[in-house]
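Printed here is upload-v9.pdb (PDB, C-alpha atoms and all ligand atoms):
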ATOM      1  CA  MET A  14      27.063 -10.722 -10.357
ATOM      2  CA  PRO A  15      24.886  -7.624 -10.299
ATOM      3  CA  ILE A  16      22.474  -7.518 -13.189
ATOM      4  CA  GLU A  17      22.442  -4.281 -15.166
ATOM      5  CA  ALA A  18      19.219  -2.363 -15.279
ATOM      6  CA  GLY A  19      18.781  -2.460 -19.035
ATOM      7  CA  PRO A  20      18.430  -6.210 -19.560
ATOM      8  CA  VAL A  21      16.252  -6.580 -16.472
ATOM      9  CA  ARG A  22      13.834  -3.990 -17.761
ATOM     10  CA  LEU A  23      13.524  -5.893 -21.024
ATOM     11  CA  LEU A  24      12.392  -8.925 -19.022
ATOM     12  CA  LEU A  25       9.520  -7.056 -17.364
ATOM     13  CA  PRO A  26       6.119  -7.830 -18.780
ATOM     14  CA  ALA A  27       4.685  -4.803 -20.516
ATOM     15  CA  ALA A  28       2.356  -3.193 -17.994
ATOM     16  CA  PRO A  29      -0.816  -1.487 -19.128
ATOM     17  CA  TYR A  30      -0.424   2.275 -18.916
ATOM     18  CA  ASP A  31      -2.748   2.589 -15.965
ATOM     19  CA  ALA A  32      -1.642  -0.551 -14.079
ATOM     20  CA  THR A  33      -2.072  -0.279 -10.330
ATOM     21  CA  VAL A  34      -1.071  -2.331  -7.321
ATOM     22  CA  GLN A  35      -2.491  -2.442  -3.827
ATOM     23  CA  ALA A  36      -0.467  -0.848  -1.067
ATOM     24  CA  MET A  37      -0.821   0.451   2.467
ATOM     25  CA  VAL A  38      -0.084   4.146   2.052
ATOM     26  CA  LEU A  39       0.943   6.481   4.872
ATOM     27  CA  SER A  40      -0.290   9.936   3.820
ATOM     28  CA  ALA A  41       0.398  11.660   7.145
ATOM     29  CA  PRO A  42       1.238  10.427  10.655
ATOM     30  CA  ASN A  43      -1.466   8.011  11.838
ATOM     31  CA  ASP A  44      -3.127   8.018   8.399
ATOM     32  CA  LEU A  45      -2.359   4.568   6.962
ATOM     33  CA  SER A  46      -4.837   3.078   4.495
ATOM     34  CA  LEU A  47      -5.145   0.540   1.689
ATOM     35  CA  ARG A  48      -4.966   2.245  -1.729
ATOM     36  CA  ASP A  49      -4.536   1.410  -5.376
ATOM     37  CA  VAL A  50      -1.289   3.061  -6.395
ATOM     38  CA  GLU A  51       0.537   3.282  -9.706
ATOM     39  CA  GLU A  52       2.631   0.238 -10.359
ATOM     40  CA  PRO A  53       6.285   1.003  -9.542
ATOM     41  CA  VAL A  54       8.681   1.350 -12.470
ATOM     42  CA  ALA A  55      12.312   0.212 -12.273
ATOM     43  CA  GLY A  56      14.814   3.039 -12.542
ATOM     44  CA  SER A  57      18.443   2.623 -13.586
ATOM     45  CA  GLY A  58      20.049  -0.255 -11.671
ATOM     46  CA  GLU A  59      16.717  -1.247 -10.170
ATOM     47  CA  VAL A  60      14.452  -4.279 -10.292
ATOM     48  CA  ILE A  61      10.786  -4.741  -9.489
ATOM     49  CA  VAL A  62      10.058  -7.180  -6.682
ATOM     50  CA  GLU A  63       6.723  -8.974  -6.417
ATOM     51  CA  VAL A  64       6.194  -8.996  -2.643
ATOM     52  CA  ALA A  65       5.259 -12.246  -0.885
ATOM     53  CA  ALA A  66       5.697 -11.214   2.753
ATOM     54  CA  CYS A  67       6.762  -8.140   4.708
ATOM     55  CA  GLY A  68       7.759  -8.088   8.356
ATOM     56  CA  VAL A  69       6.373  -5.445  10.694
ATOM     57  CA  CYS A  70       9.055  -3.635  12.685
ATOM     58  CA  ARG A  71       8.917  -1.247  15.629
ATOM     59  CA  THR A  72      10.500   1.343  13.334
ATOM     60  CA  ASP A  73       7.402   1.085  11.084
ATOM     61  CA  LEU A  74       5.311   1.843  14.152
ATOM     62  CA  GLN A  75       7.465   4.871  14.964
ATOM     63  CA  ILE A  76       7.203   6.170  11.379
ATOM     64  CA  VAL A  77       3.430   5.593  11.228
ATOM     65  CA  SER A  78       2.849   7.241  14.622
ATOM     66  CA  GLY A  79       5.060  10.240  13.805
ATOM     67  CA  ASP A  80       7.726   9.503  16.465
ATOM     68  CA  ILE A  81      10.103   9.342  13.506
ATOM     69  CA  GLU A  82       9.452  12.237  11.147
ATOM     70  CA  MET A  83       8.254  11.333   7.635
ATOM     71  CA  ARG A  84      10.962  11.921   5.013
ATOM     72  CA  LYS A  85       8.807  11.052   1.962
ATOM     73  CA  ARG A  86       5.116  11.847   1.804
ATOM     74  CA  PRO A  87       3.118   9.817   1.035
ATOM     75  CA  VAL A  88       5.210   6.739   1.724
ATOM     76  CA  ILE A  89       4.583   3.000   1.700
ATOM     77  CA  PRO A  90       6.139   1.568   4.912
ATOM     78  CA  GLY A  91       7.854  -1.782   5.331
ATOM     79  CA  HIS A  92      11.517  -2.801   5.242
ATOM     80  CA  GLN A  93      11.568  -6.571   5.791
ATOM     81  CA  VAL A  94      10.476  -7.577   2.323
ATOM     82  CA  VAL A  95      10.587 -11.060   0.813
ATOM     83  CA  GLY A  96       9.610 -11.422  -2.815
ATOM     84  CA  ARG A  97      10.629 -12.444  -6.287
ATOM     85  CA  ILE A  98      12.267 -10.339  -8.967
ATOM     86  CA  VAL A  99       9.823  -9.821 -11.806
ATOM     87  CA  GLY A 100      11.232 -11.420 -14.929
ATOM     88  CA  THR A 101      13.826 -13.702 -13.301
ATOM     89  CA  GLY A 102      11.793 -15.135 -10.410
ATOM     90  CA  GLU A 103      14.840 -14.982  -8.097
ATOM     91  CA  ARG A 104      13.829 -14.853  -4.436
ATOM     92  CA  VAL A 105      15.335 -11.851  -2.678
ATOM     93  CA  GLY A 106      15.055  -9.906   0.548
ATOM     94  CA  LEU A 107      14.952  -6.128   0.852
ATOM     95  CA  ALA A 108      15.875  -4.471   4.113
ATOM     96  CA  TRP A 109      16.133  -1.069   5.806
ATOM     97  CA  LEU A 110      19.248   0.101   3.945
ATOM     98  CA  ALA A 111      17.907   0.647   0.418
ATOM     99  CA  GLY A 112      20.913   2.457  -1.035
ATOM    100  CA  ALA A 113      24.197   4.182  -0.185
ATOM    101  CA  CYS A 114      26.235   6.624  -2.283
ATOM    102  CA  GLY A 115      29.451   4.605  -2.349
ATOM    103  CA  ARG A 116      31.555   7.808  -2.461
ATOM    104  CA  CYS A 117      31.259   9.650   0.864
ATOM    105  CA  ARG A 118      33.765   9.380   3.726
ATOM    106  CA  GLN A 119      31.612   6.830   5.538
ATOM    107  CA  CYS A 120      31.051   4.643   2.473
ATOM    108  CA  LEU A 121      34.759   4.698   1.630
ATOM    109  CA  ALA A 122      35.574   3.658   5.209
ATOM    110  CA  ALA A 123      33.346   0.531   4.971
ATOM    111  CA  ARG A 124      30.634   2.247   6.997
ATOM    112  CA  GLU A 125      27.859   2.480   4.420
ATOM    113  CA  ASN A 126      25.430   2.116   7.345
ATOM    114  CA  LEU A 127      26.364   5.722   8.181
ATOM    115  CA  CYS A 128      26.242   7.073   4.584
ATOM    116  CA  GLU A 129      24.943  10.643   4.630
ATOM    117  CA  LEU A 130      23.066  10.061   1.374
ATOM    118  CA  ALA A 131      21.668   6.639   2.269
ATOM    119  CA  ASP A 132      18.140   5.643   1.366
ATOM    120  CA  PHE A 133      15.986   3.715   3.793
ATOM    121  CA  ARG A 134      13.194   1.428   2.701
ATOM    122  CA  GLY A 135       9.762   2.384   3.916
ATOM    123  CA  TRP A 136      11.018   5.821   4.999
ATOM    124  CA  THR A 137      12.897   7.696   2.241
ATOM    125  CA  VAL A 138      11.800   5.244  -0.493
ATOM    126  CA  ASP A 139       8.674   3.097  -0.703
ATOM    127  CA  GLY A 140       8.620  -0.189   1.165
ATOM    128  CA  GLY A 141       7.020  -3.598   1.162
ATOM    129  CA  TYR A 142       3.502  -2.986   2.486
ATOM    130  CA  ALA A 143       2.571  -3.359  -1.200
ATOM    131  CA  GLU A 144       2.146  -5.939  -3.940
ATOM    132  CA  ARG A 145       5.191  -4.650  -5.844
ATOM    133  CA  VAL A 146       8.166  -2.484  -4.982
ATOM    134  CA  ALA A 147      11.139  -1.085  -6.934
ATOM    135  CA  ALA A 148      14.587  -1.695  -5.459
ATOM    136  CA  ARG A 149      18.257  -1.260  -6.285
ATOM    137  CA  ARG A 150      19.518  -4.633  -7.507
ATOM    138  CA  ASP A 151      22.739  -4.251  -5.516
ATOM    139  CA  PHE A 152      20.725  -3.826  -2.280
ATOM    140  CA  ALA A 153      18.580  -6.952  -2.813
ATOM    141  CA  PHE A 154      19.860  -9.981  -0.909
ATOM    142  CA  ALA A 155      19.718 -13.589  -2.012
ATOM    143  CA  LEU A 156      17.874 -15.592   0.644
ATOM    144  CA  PRO A 157      18.890 -19.055   1.825
ATOM    145  CA  ASP A 158      16.677 -21.978   0.817
ATOM    146  CA  GLY A 159      15.033 -23.974   3.556
ATOM    147  CA  MET A 160      13.034 -21.165   5.095
ATOM    148  CA  SER A 161       9.624 -19.967   4.004
ATOM    149  CA  ASP A 162       8.913 -16.424   2.822
ATOM    150  CA  ILE A 163       7.159 -15.722   6.134
ATOM    151  CA  GLU A 164      10.042 -17.118   8.218
ATOM    152  CA  ALA A 165      12.606 -15.161   6.205
ATOM    153  CA  ALA A 166      10.901 -11.754   6.545
ATOM    154  CA  PRO A 167      11.820 -10.975  10.196
ATOM    155  CA  LEU A 168      15.450 -11.843   9.518
ATOM    156  CA  LEU A 169      15.740  -8.785   7.291
ATOM    157  CA  CYS A 170      15.681  -6.130  10.011
ATOM    158  CA  ALA A 171      15.102  -7.704  13.389
ATOM    159  CA  GLY A 172      17.671 -10.343  12.481
ATOM    160  CA  ILE A 173      20.355  -8.346  10.669
ATOM    161  CA  ILE A 174      20.386  -5.365  13.043
ATOM    162  CA  GLY A 175      20.196  -7.678  16.057
ATOM    163  CA  TYR A 176      23.280  -9.440  14.669
ATOM    164  CA  ARG A 177      25.157  -6.150  14.210
ATOM    165  CA  SER A 178      24.195  -5.221  17.784
ATOM    166  CA  LEU A 179      25.640  -8.480  19.094
ATOM    167  CA  ARG A 180      28.883  -7.857  17.221
ATOM    168  CA  LEU A 181      29.152  -4.257  18.447
ATOM    169  CA  SER A 182      28.485  -5.381  22.031
ATOM    170  CA  GLY A 183      31.814  -7.192  21.774
ATOM    171  CA  VAL A 184      30.431 -10.341  23.411
ATOM    172  CA  GLU A 185      32.815 -13.251  22.933
ATOM    173  CA  PRO A 186      31.968 -16.926  22.481
ATOM    174  CA  GLY A 187      31.037 -18.324  25.883
ATOM    175  CA  GLY A 188      30.578 -14.844  27.371
ATOM    176  CA  ARG A 189      27.746 -13.570  29.568
ATOM    177  CA  LEU A 190      25.308 -11.525  27.494
ATOM    178  CA  GLY A 191      22.284  -9.508  28.635
ATOM    179  CA  LEU A 192      19.333  -8.848  26.316
ATOM    180  CA  PHE A 193      17.049  -6.043  27.542
ATOM    181  CA  GLY A 194      13.606  -6.371  25.965
ATOM    182  CA  PHE A 195      12.643  -9.575  24.191
ATOM    183  CA  GLY A 196      10.663  -8.828  21.040
ATOM    184  CA  SER A 197      11.242  -9.598  17.404
ATOM    185  CA  SER A 198      14.950  -8.732  17.251
ATOM    186  CA  ALA A 199      16.001 -10.243  20.599
ATOM    187  CA  HIS A 200      14.297 -13.585  19.950
ATOM    188  CA  LEU A 201      16.511 -13.950  16.860
ATOM    189  CA  ALA A 202      19.661 -12.553  18.517
ATOM    190  CA  ILE A 203      19.442 -15.108  21.342
ATOM    191  CA  GLN A 204      19.657 -17.899  18.767
ATOM    192  CA  VAL A 205      22.923 -16.470  17.430
ATOM    193  CA  ALA A 206      24.283 -15.947  20.958
ATOM    194  CA  ARG A 207      23.405 -19.504  21.995
ATOM    195  CA  HIS A 208      25.086 -20.755  18.793
ATOM    196  CA  TRP A 209      28.223 -18.908  19.975
ATOM    197  CA  GLY A 210      27.933 -20.666  23.345
ATOM    198  CA  CYS A 211      27.056 -17.527  25.310
ATOM    199  CA  ASP A 212      25.106 -17.574  28.569
ATOM    200  CA  VAL A 213      22.158 -15.303  27.868
ATOM    201  CA  PHE A 214      20.358 -13.283  30.565
ATOM    202  CA  VAL A 215      17.021 -11.828  29.459
ATOM    203  CA  PHE A 216      15.440  -8.753  31.049
ATOM    204  CA  SER A 217      11.794  -8.030  30.252
ATOM    205  CA  ARG A 218       8.551  -7.041  31.930
ATOM    206  CA  SER A 219       6.422  -9.556  30.071
ATOM    207  CA  PRO A 220       5.788 -13.065  31.483
ATOM    208  CA  ALA A 221       5.116 -14.300  27.922
ATOM    209  CA  GLU A 222       8.540 -12.984  26.842
ATOM    210  CA  HIS A 223      10.144 -14.690  29.866
ATOM    211  CA  ASP A 224       8.597 -17.988  28.737
ATOM    212  CA  LEU A 225       9.812 -17.574  25.149
ATOM    213  CA  ALA A 226      13.298 -16.595  26.393
ATOM    214  CA  ARG A 227      13.542 -19.749  28.550
ATOM    215  CA  GLU A 228      12.325 -21.842  25.644
ATOM    216  CA  LEU A 229      15.095 -20.375  23.463
ATOM    217  CA  GLY A 230      17.794 -21.134  26.030
ATOM    218  CA  ALA A 231      18.103 -18.136  28.363
ATOM    219  CA  VAL A 232      19.950 -19.166  31.548
ATOM    220  CA  TRP A 233      18.159 -16.471  33.580
ATOM    221  CA  VAL A 234      15.156 -14.187  33.129
ATOM    222  CA  GLY A 235      14.094 -11.195  35.196
ATOM    223  CA  GLY A 236      12.699  -7.668  35.158
ATOM    224  CA  TYR A 237      14.635  -4.664  33.816
ATOM    225  CA  ASP A 238      15.895  -3.669  37.237
ATOM    226  CA  ASP A 239      16.540  -7.117  38.685
ATOM    227  CA  PRO A 240      20.275  -7.597  39.245
ATOM    228  CA  PRO A 241      21.650 -10.583  37.310
ATOM    229  CA  PRO A 242      23.327 -13.250  39.486
ATOM    230  CA  GLU A 243      26.726 -12.162  38.133
ATOM    231  CA  PRO A 244      27.948  -9.072  36.243
ATOM    232  CA  LEU A 245      27.523  -9.332  32.473
ATOM    233  CA  ASP A 246      30.293  -9.046  29.868
ATOM    234  CA  ALA A 247      28.048  -7.229  27.389
ATOM    235  CA  ALA A 248      24.445  -6.210  26.868
ATOM    236  CA  VAL A 249      22.135  -5.160  24.048
ATOM    237  CA  THR A 250      19.054  -3.048  24.749
ATOM    238  CA  PHE A 251      16.037  -3.486  22.471
ATOM    239  CA  ALA A 252      13.363  -1.816  24.600
ATOM    240  CA  PRO A 253      12.522   1.670  23.249
ATOM    241  CA  ALA A 254      12.958   3.309  26.667
ATOM    242  CA  GLY A 255      15.970   5.330  27.814
ATOM    243  CA  SER A 256      15.663   4.086  31.399
ATOM    244  CA  VAL A 257      16.468   0.557  30.210
ATOM    245  CA  VAL A 258      19.872   1.761  28.977
ATOM    246  CA  VAL A 259      20.717   2.765  32.547
ATOM    247  CA  SER A 260      19.507  -0.619  33.849
ATOM    248  CA  ALA A 261      21.768  -2.339  31.315
ATOM    249  CA  LEU A 262      24.799  -0.246  32.354
ATOM    250  CA  ALA A 263      24.178  -1.254  35.954
ATOM    251  CA  ALA A 264      24.195  -4.928  34.950
ATOM    252  CA  VAL A 265      27.501  -5.018  33.021
ATOM    253  CA  GLY A 266      30.857  -5.429  34.700
ATOM    254  CA  PRO A 267      34.061  -3.404  34.148
ATOM    255  CA  ALA A 268      34.990  -3.010  30.438
ATOM    256  CA  GLY A 269      31.527  -4.241  29.477
ATOM    257  CA  THR A 270      29.715  -2.681  26.525
ATOM    258  CA  VAL A 271      26.045  -1.762  26.276
ATOM    259  CA  ALA A 272      24.900  -1.563  22.634
ATOM    260  CA  ILE A 273      21.635   0.273  22.048
ATOM    261  CA  ASN A 274      19.538  -1.286  19.274
ATOM    262  CA  ALA A 275      17.089   1.563  18.688
ATOM    263  CA  ILE A 276      16.622   4.184  16.003
ATOM    264  CA  HIS A 277      14.503   6.285  18.346
ATOM    265  CA  LEU A 278      14.679   6.434  22.131
ATOM    266  CA  ASP A 279      13.097   8.500  24.883
ATOM    267  CA  GLY A 280      15.619  10.630  26.789
ATOM    268  CA  ILE A 281      18.107   8.656  28.852
ATOM    269  CA  PRO A 282      17.716   9.631  32.529
ATOM    270  CA  ALA A 283      20.736  11.150  34.284
ATOM    271  CA  PHE A 284      22.871   8.487  35.947
ATOM    272  CA  SER A 285      25.857   8.338  38.254
ATOM    273  CA  TYR A 286      29.263   8.294  36.548
ATOM    274  CA  ASP A 287      29.978   5.223  38.683
ATOM    275  CA  LEU A 288      27.849   3.242  36.230
ATOM    276  CA  LEU A 289      30.178   4.151  33.339
ATOM    277  CA  TRP A 290      33.431   4.203  35.331
ATOM    278  CA  ARG A 291      35.914   1.338  34.939
ATOM    279  CA  GLU A 292      35.844   1.507  31.163
ATOM    280  CA  ARG A 293      32.274   0.514  30.550
ATOM    281  CA  VAL A 294      31.170   1.549  27.040
ATOM    282  CA  LEU A 295      27.793   2.838  25.879
ATOM    283  CA  ARG A 296      27.210   2.886  22.118
ATOM    284  CA  SER A 297      24.375   3.075  19.599
ATOM    285  CA  VAL A 298      23.843   0.742  16.659
ATOM    286  CA  ALA A 299      22.752   2.438  13.439
ATOM    287  CA  ASN A 300      21.421   0.520  10.441
ATOM    288  CA  PHE A 301      23.658  -2.192   8.925
ATOM    289  CA  THR A 302      26.057  -2.789   6.060
ATOM    290  CA  ARG A 303      25.491  -5.227   3.217
ATOM    291  CA  ASP A 304      28.279  -7.359   4.683
ATOM    292  CA  ASP A 305      26.317  -7.604   7.951
ATOM    293  CA  ALA A 306      23.302  -8.755   5.955
ATOM    294  CA  ARG A 307      25.180 -11.393   3.952
ATOM    295  CA  GLU A 308      27.023 -12.720   7.041
ATOM    296  CA  PHE A 309      23.864 -12.901   9.099
ATOM    297  CA  LEU A 310      21.742 -14.563   6.391
ATOM    298  CA  ALA A 311      24.426 -17.251   5.927
ATOM    299  CA  LEU A 312      24.581 -17.794   9.696
ATOM    300  CA  ALA A 313      20.788 -17.928   9.925
ATOM    301  CA  ALA A 314      20.756 -20.773   7.408
ATOM    302  CA  GLU A 315      23.611 -22.594   9.166
ATOM    303  CA  ILE A 316      22.202 -22.474  12.753
ATOM    304  CA  PRO A 317      19.299 -22.595  11.540
ATOM    305  CA  ILE A 318      17.466 -19.639  13.069
ATOM    306  CA  ARG A 319      13.732 -20.048  13.443
ATOM    307  CA  ALA A 320      11.570 -16.937  13.660
ATOM    308  CA  GLN A 321       8.303 -17.173  15.599
ATOM    309  CA  THR A 322       5.737 -15.338  13.519
ATOM    310  CA  GLN A 323       2.182 -14.072  13.679
ATOM    311  CA  THR A 324       0.752 -13.356  10.232
ATOM    312  CA  PHE A 325      -1.661 -10.670   9.089
ATOM    313  CA  ALA A 326      -3.106  -9.798   5.666
ATOM    314  CA  LEU A 327      -1.760  -6.664   3.950
ATOM    315  CA  ALA A 328      -4.916  -4.704   4.798
ATOM    316  CA  GLU A 329      -4.505  -5.693   8.453
ATOM    317  CA  ALA A 330      -1.265  -3.713   8.813
ATOM    318  CA  PRO A 331      -2.907  -1.221  11.242
ATOM    319  CA  GLN A 332      -4.004  -4.099  13.481
ATOM    320  CA  ALA A 333      -0.535  -5.650  13.351
ATOM    321  CA  LEU A 334       1.011  -2.297  14.339
ATOM    322  CA  ALA A 335      -1.523  -1.843  17.154
ATOM    323  CA  ARG A 336      -0.708  -5.289  18.543
ATOM    324  CA  LEU A 337       3.001  -4.527  18.345
ATOM    325  CA  ALA A 338       2.429  -1.227  20.190
ATOM    326  CA  ALA A 339       0.473  -3.066  22.883
ATOM    327  CA  GLY A 340       3.248  -5.647  23.298
ATOM    328  CA  GLU A 341       0.899  -8.400  22.143
ATOM    329  CA  VAL A 342       3.095  -9.876  19.405
ATOM    330  CA  GLN A 343       5.222 -12.856  20.440
ATOM    331  CA  GLY A 344       8.182 -13.064  18.103
ATOM    332  CA  SER A 345       7.584 -11.190  14.836
ATOM    333  CA  ALA A 346       4.504  -9.900  13.035
ATOM    334  CA  VAL A 347       4.514 -10.524   9.267
ATOM    335  CA  LEU A 348       2.146  -9.294   6.548
ATOM    336  CA  THR A 349       1.364 -11.851   3.858
ATOM    337  CA  VAL A 350       0.989 -10.214   0.469
ATOM    338  CA  GLY A 351      -0.295 -11.592  -2.805
TER     339      GLY A 351
HETATM  340 ZN    ZN A 401      27.888   7.327   1.220
HETATM  341 ZN    ZN A 402      13.263  -2.566  11.354
END

Could I get this file's structure written as structure tokens?
Amino acid sequence: MPIEAGPVRLLLPAAPYDATVQAMVLSAPNDLSLRDVEEPVAGSGEVIVEVAACGVCRTDLQIVSGDIEMRKRPVIPGHQVVGRIVGTGERVGLAWLAGACGRCRQCLAARENLCELADFRGWTVDGGYAERVAARRDFAFALPDGMSDIEAAPLLCAGIIGYRSLRLSGVEPGGRLGLFGFGSSAHLAIQVARHWGCDVFVFSRSPAEHDLARELGAVWVGGYDDPPPEPLDAAVTFAPAGSVVVSALAAVGPAGTVAINAIHLDGIPAFSYDLLWRERVLRSVANFTRDDAREFLALAAEIPIRAQTQTFALAEAPQALARLAAGEVQGSAVLTVG
């Protein structure tokens, strides 16, 4: 049951008037620094979450670098937040979708991921690179027991959106699935696909990613342009490069779908219609719905999915982002907070 804002606010300890918390604040593109900021206050329907861990996502990198335009300035990045609700102590996760209007055409059609008035954590509202963050109670997810705060963090974007991508690729149990790029999201998606009995083919430039893919059960690994031994039924692209989308189209067979898991992509190079002919489908994957999140988190506990993590302190967020940009993070980077 959702908890109303009023009672929750009564449970908050009275904060001194000038209480501050530490946060990594993005003032302008490429200007991310540790600051003392005013402690967040819960608005109507909101709770305050004491942050324990926050995953570092490629989208954070794109917001910090300016590839994705800032929508709130300054903003605290971070949308894979694990923490505890102040007052109740309940462990929750906060993810990219921070709010939807519930009334627009998209929301009414069960597509709140496409809500025109949606809020996004760490972009249009403050995120989890901070000791405390305010969040809508109805967009905070209960997290399964049996996984640590650090292990749970990457599930909240890399995991949930990877799961939606798998579903939208249309891959069926036992089918042949291609994963193009093998970072944080793909290393979680492969665990779902293997659970469904799929044969997974992994395309990546990095020998370290090839090793991790084999370890996690890939039947084949190769470079982006290496032809798989047989045409694929479906593919998901994770690499933030338009050329990889064309490689993926070339690898799927007739009626195969390529789902693009990227919020920002370089231009897609022109390609021959032959690559799309015979009812191949190319589609993007945008955000997620709360149902995706609940389904995936339950599945993650059941499988169970194990995230490989590299941890950094809150103040080391710039280093974590730099390592992600350089392709030096195996699995998922996570900031430990508090
Ligand atoms: Zn809406
Ligand atoms: Zn993300």

Would you translate the PyMOL selection byres (((chain A and resi 280-292) around 6) and not hetatm) into the concrete set of residues it matches in this file, as a PDB file with C-alpha atoms, in the frame of the given file?
ATOM      1  CA  GLY A 255      15.970   5.330  27.814  1.00  0.00           C
ATOM      2  CA  SER A 256      15.663   4.086  31.399  1.00  0.00           C
ATOM      3  CA  ALA A 263      24.178  -1.254  35.954  1.00  0.00           C
ATOM      4  CA  PRO A 267      34.061  -3.404  34.148  1.00  0.00           C
ATOM      5  CA  ALA A 268      34.990  -3.010  30.438  1.00  0.00           C
ATOM      6  CA  ASP A 279      13.097   8.500  24.883  1.00  0.00           C
ATOM      7  CA  ARG A 293      32.274   0.514  30.550  1.00  0.00           C
TER       8      ARG A 293
END

Calculate how many Å separate CA of Leu130 in chain A from CA of Gly112 in chain A, rounding to one decimal. 8.3 Å

Identify which of the residues A:Ser198, A:Ser217, A:Ser182, A:Ser57 lies closest to Ala148 in chain A, counting only C-alpha atoms when measuring atom-to-atom distances.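 The closest residue to Ala148 in chain A is A:Ser57.
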
Name the residues, by chain letter and number, that sit within 9 Å of ligand ZN 401 (chain A) using all atoms listed in the file, and give them as a PDB file with C-alpha atoms, keeping the file's coordinate frame.
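Produced file result28.pdb, reproduced below:
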ATOM      1  CA  GLY A 112      20.913   2.457  -1.035  1.00  0.00           C
ATOM      2  CA  ALA A 113      24.197   4.182  -0.185  1.00  0.00           C
ATOM      3  CA  CYS A 114      26.235   6.624  -2.283  1.00  0.00           C
ATOM      4  CA  GLY A 115      29.451   4.605  -2.349  1.00  0.00           C
ATOM      5  CA  ARG A 116      31.555   7.808  -2.461  1.00  0.00           C
ATOM      6  CA  CYS A 117      31.259   9.650   0.864  1.00  0.00           C
ATOM      7  CA  ARG A 118      33.765   9.380   3.726  1.00  0.00           C
ATOM      8  CA  GLN A 119      31.612   6.830   5.538  1.00  0.00           C
ATOM      9  CA  CYS A 120      31.051   4.643   2.473  1.00  0.00           C
ATOM     10  CA  LEU A 121      34.759   4.698   1.630  1.00  0.00           C
ATOM     11  CA  ARG A 124      30.634   2.247   6.997  1.00  0.00           C
ATOM     12  CA  GLU A 125      27.859   2.480   4.420  1.00  0.00           C
ATOM     13  CA  ASN A 126      25.430   2.116   7.345  1.00  0.00           C
ATOM     14  CA  LEU A 127      26.364   5.722   8.181  1.00  0.00           C
ATOM     15  CA  CYS A 128      26.242   7.073   4.584  1.00  0.00           C
ATOM     16  CA  GLU A 129      24.943  10.643   4.630  1.00  0.00           C
ATOM     17  CA  LEU A 130      23.066  10.061   1.374  1.00  0.00           C
ATOM     18  CA  ALA A 131      21.668   6.639   2.269  1.00  0.00           C
TER      19      ALA A 131
END

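Residue selection for this entry, given the PyMOL selection byres (((not hetatm)) within 6 of (chain A and resi 402)), comprises Cys70, Thr72, Cys170 and Ala171 of chain A.
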
Counting all atoms listed in the file, I want the residues whose atoms come within 12 Å of (5.3, 10.6, 12.2) in the file frame, returned as number ranges by chain. A: 39-45, 72-88, 90, 136, 277

Would you mind reading off the distance between CA of Gly210 in chain A and CA of Leu225 in chain A, one decimal, in Å? 18.5 Å

Might you spell out which residues the PyMOL selection byres (((chain A and resi 67) around 12) and not hetatm) would select in the displayed file, as an MDAnalysis selection string? chainID A and resid 36:37 62:66 68:70 73 89:96 105:109 134:135 140:146 162:170 322:327 330 333 345:351

For the residues selected in the previous step, produce a file with C-alpha atoms as a compact mmCIF listing (two decimals), in the coordinates of the input.
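In the end it all went to out-v2.txt:
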# COMPACT_ATOMS: atom_id res chain seq x y z
CA ALA A 36 -0.47 -0.85 -1.07
CA MET A 37 -0.82 0.45 2.47
CA VAL A 62 10.06 -7.18 -6.68
CA GLU A 63 6.72 -8.97 -6.42
CA VAL A 64 6.19 -9.00 -2.64
CA ALA A 65 5.26 -12.25 -0.88
CA ALA A 66 5.70 -11.21 2.75
CA GLY A 68 7.76 -8.09 8.36
CA VAL A 69 6.37 -5.44 10.69
CA CYS A 70 9.06 -3.64 12.68
CA ASP A 73 7.40 1.08 11.08
CA ILE A 89 4.58 3.00 1.70
CA PRO A 90 6.14 1.57 4.91
CA GLY A 91 7.85 -1.78 5.33
CA HIS A 92 11.52 -2.80 5.24
CA GLN A 93 11.57 -6.57 5.79
CA VAL A 94 10.48 -7.58 2.32
CA VAL A 95 10.59 -11.06 0.81
CA GLY A 96 9.61 -11.42 -2.82
CA VAL A 105 15.34 -11.85 -2.68
CA GLY A 106 15.06 -9.91 0.55
CA LEU A 107 14.95 -6.13 0.85
CA ALA A 108 15.88 -4.47 4.11
CA TRP A 109 16.13 -1.07 5.81
CA ARG A 134 13.19 1.43 2.70
CA GLY A 135 9.76 2.38 3.92
CA GLY A 140 8.62 -0.19 1.16
CA GLY A 141 7.02 -3.60 1.16
CA TYR A 142 3.50 -2.99 2.49
CA ALA A 143 2.57 -3.36 -1.20
CA GLU A 144 2.15 -5.94 -3.94
CA ARG A 145 5.19 -4.65 -5.84
CA VAL A 146 8.17 -2.48 -4.98
CA ASP A 162 8.91 -16.42 2.82
CA ILE A 163 7.16 -15.72 6.13
CA GLU A 164 10.04 -17.12 8.22
CA ALA A 165 12.61 -15.16 6.20
CA ALA A 166 10.90 -11.75 6.54
CA PRO A 167 11.82 -10.98 10.20
CA LEU A 168 15.45 -11.84 9.52
CA LEU A 169 15.74 -8.78 7.29
CA CYS A 170 15.68 -6.13 10.01
CA THR A 322 5.74 -15.34 13.52
CA GLN A 323 2.18 -14.07 13.68
CA THR A 324 0.75 -13.36 10.23
CA PHE A 325 -1.66 -10.67 9.09
CA ALA A 326 -3.11 -9.80 5.67
CA LEU A 327 -1.76 -6.66 3.95
CA ALA A 330 -1.26 -3.71 8.81
CA ALA A 333 -0.54 -5.65 13.35
CA SER A 345 7.58 -11.19 14.84
CA ALA A 346 4.50 -9.90 13.04
CA VAL A 347 4.51 -10.52 9.27
CA LEU A 348 2.15 -9.29 6.55
CA THR A 349 1.36 -11.85 3.86
CA VAL A 350 0.99 -10.21 0.47
CA GLY A 351 -0.30 -11.59 -2.80
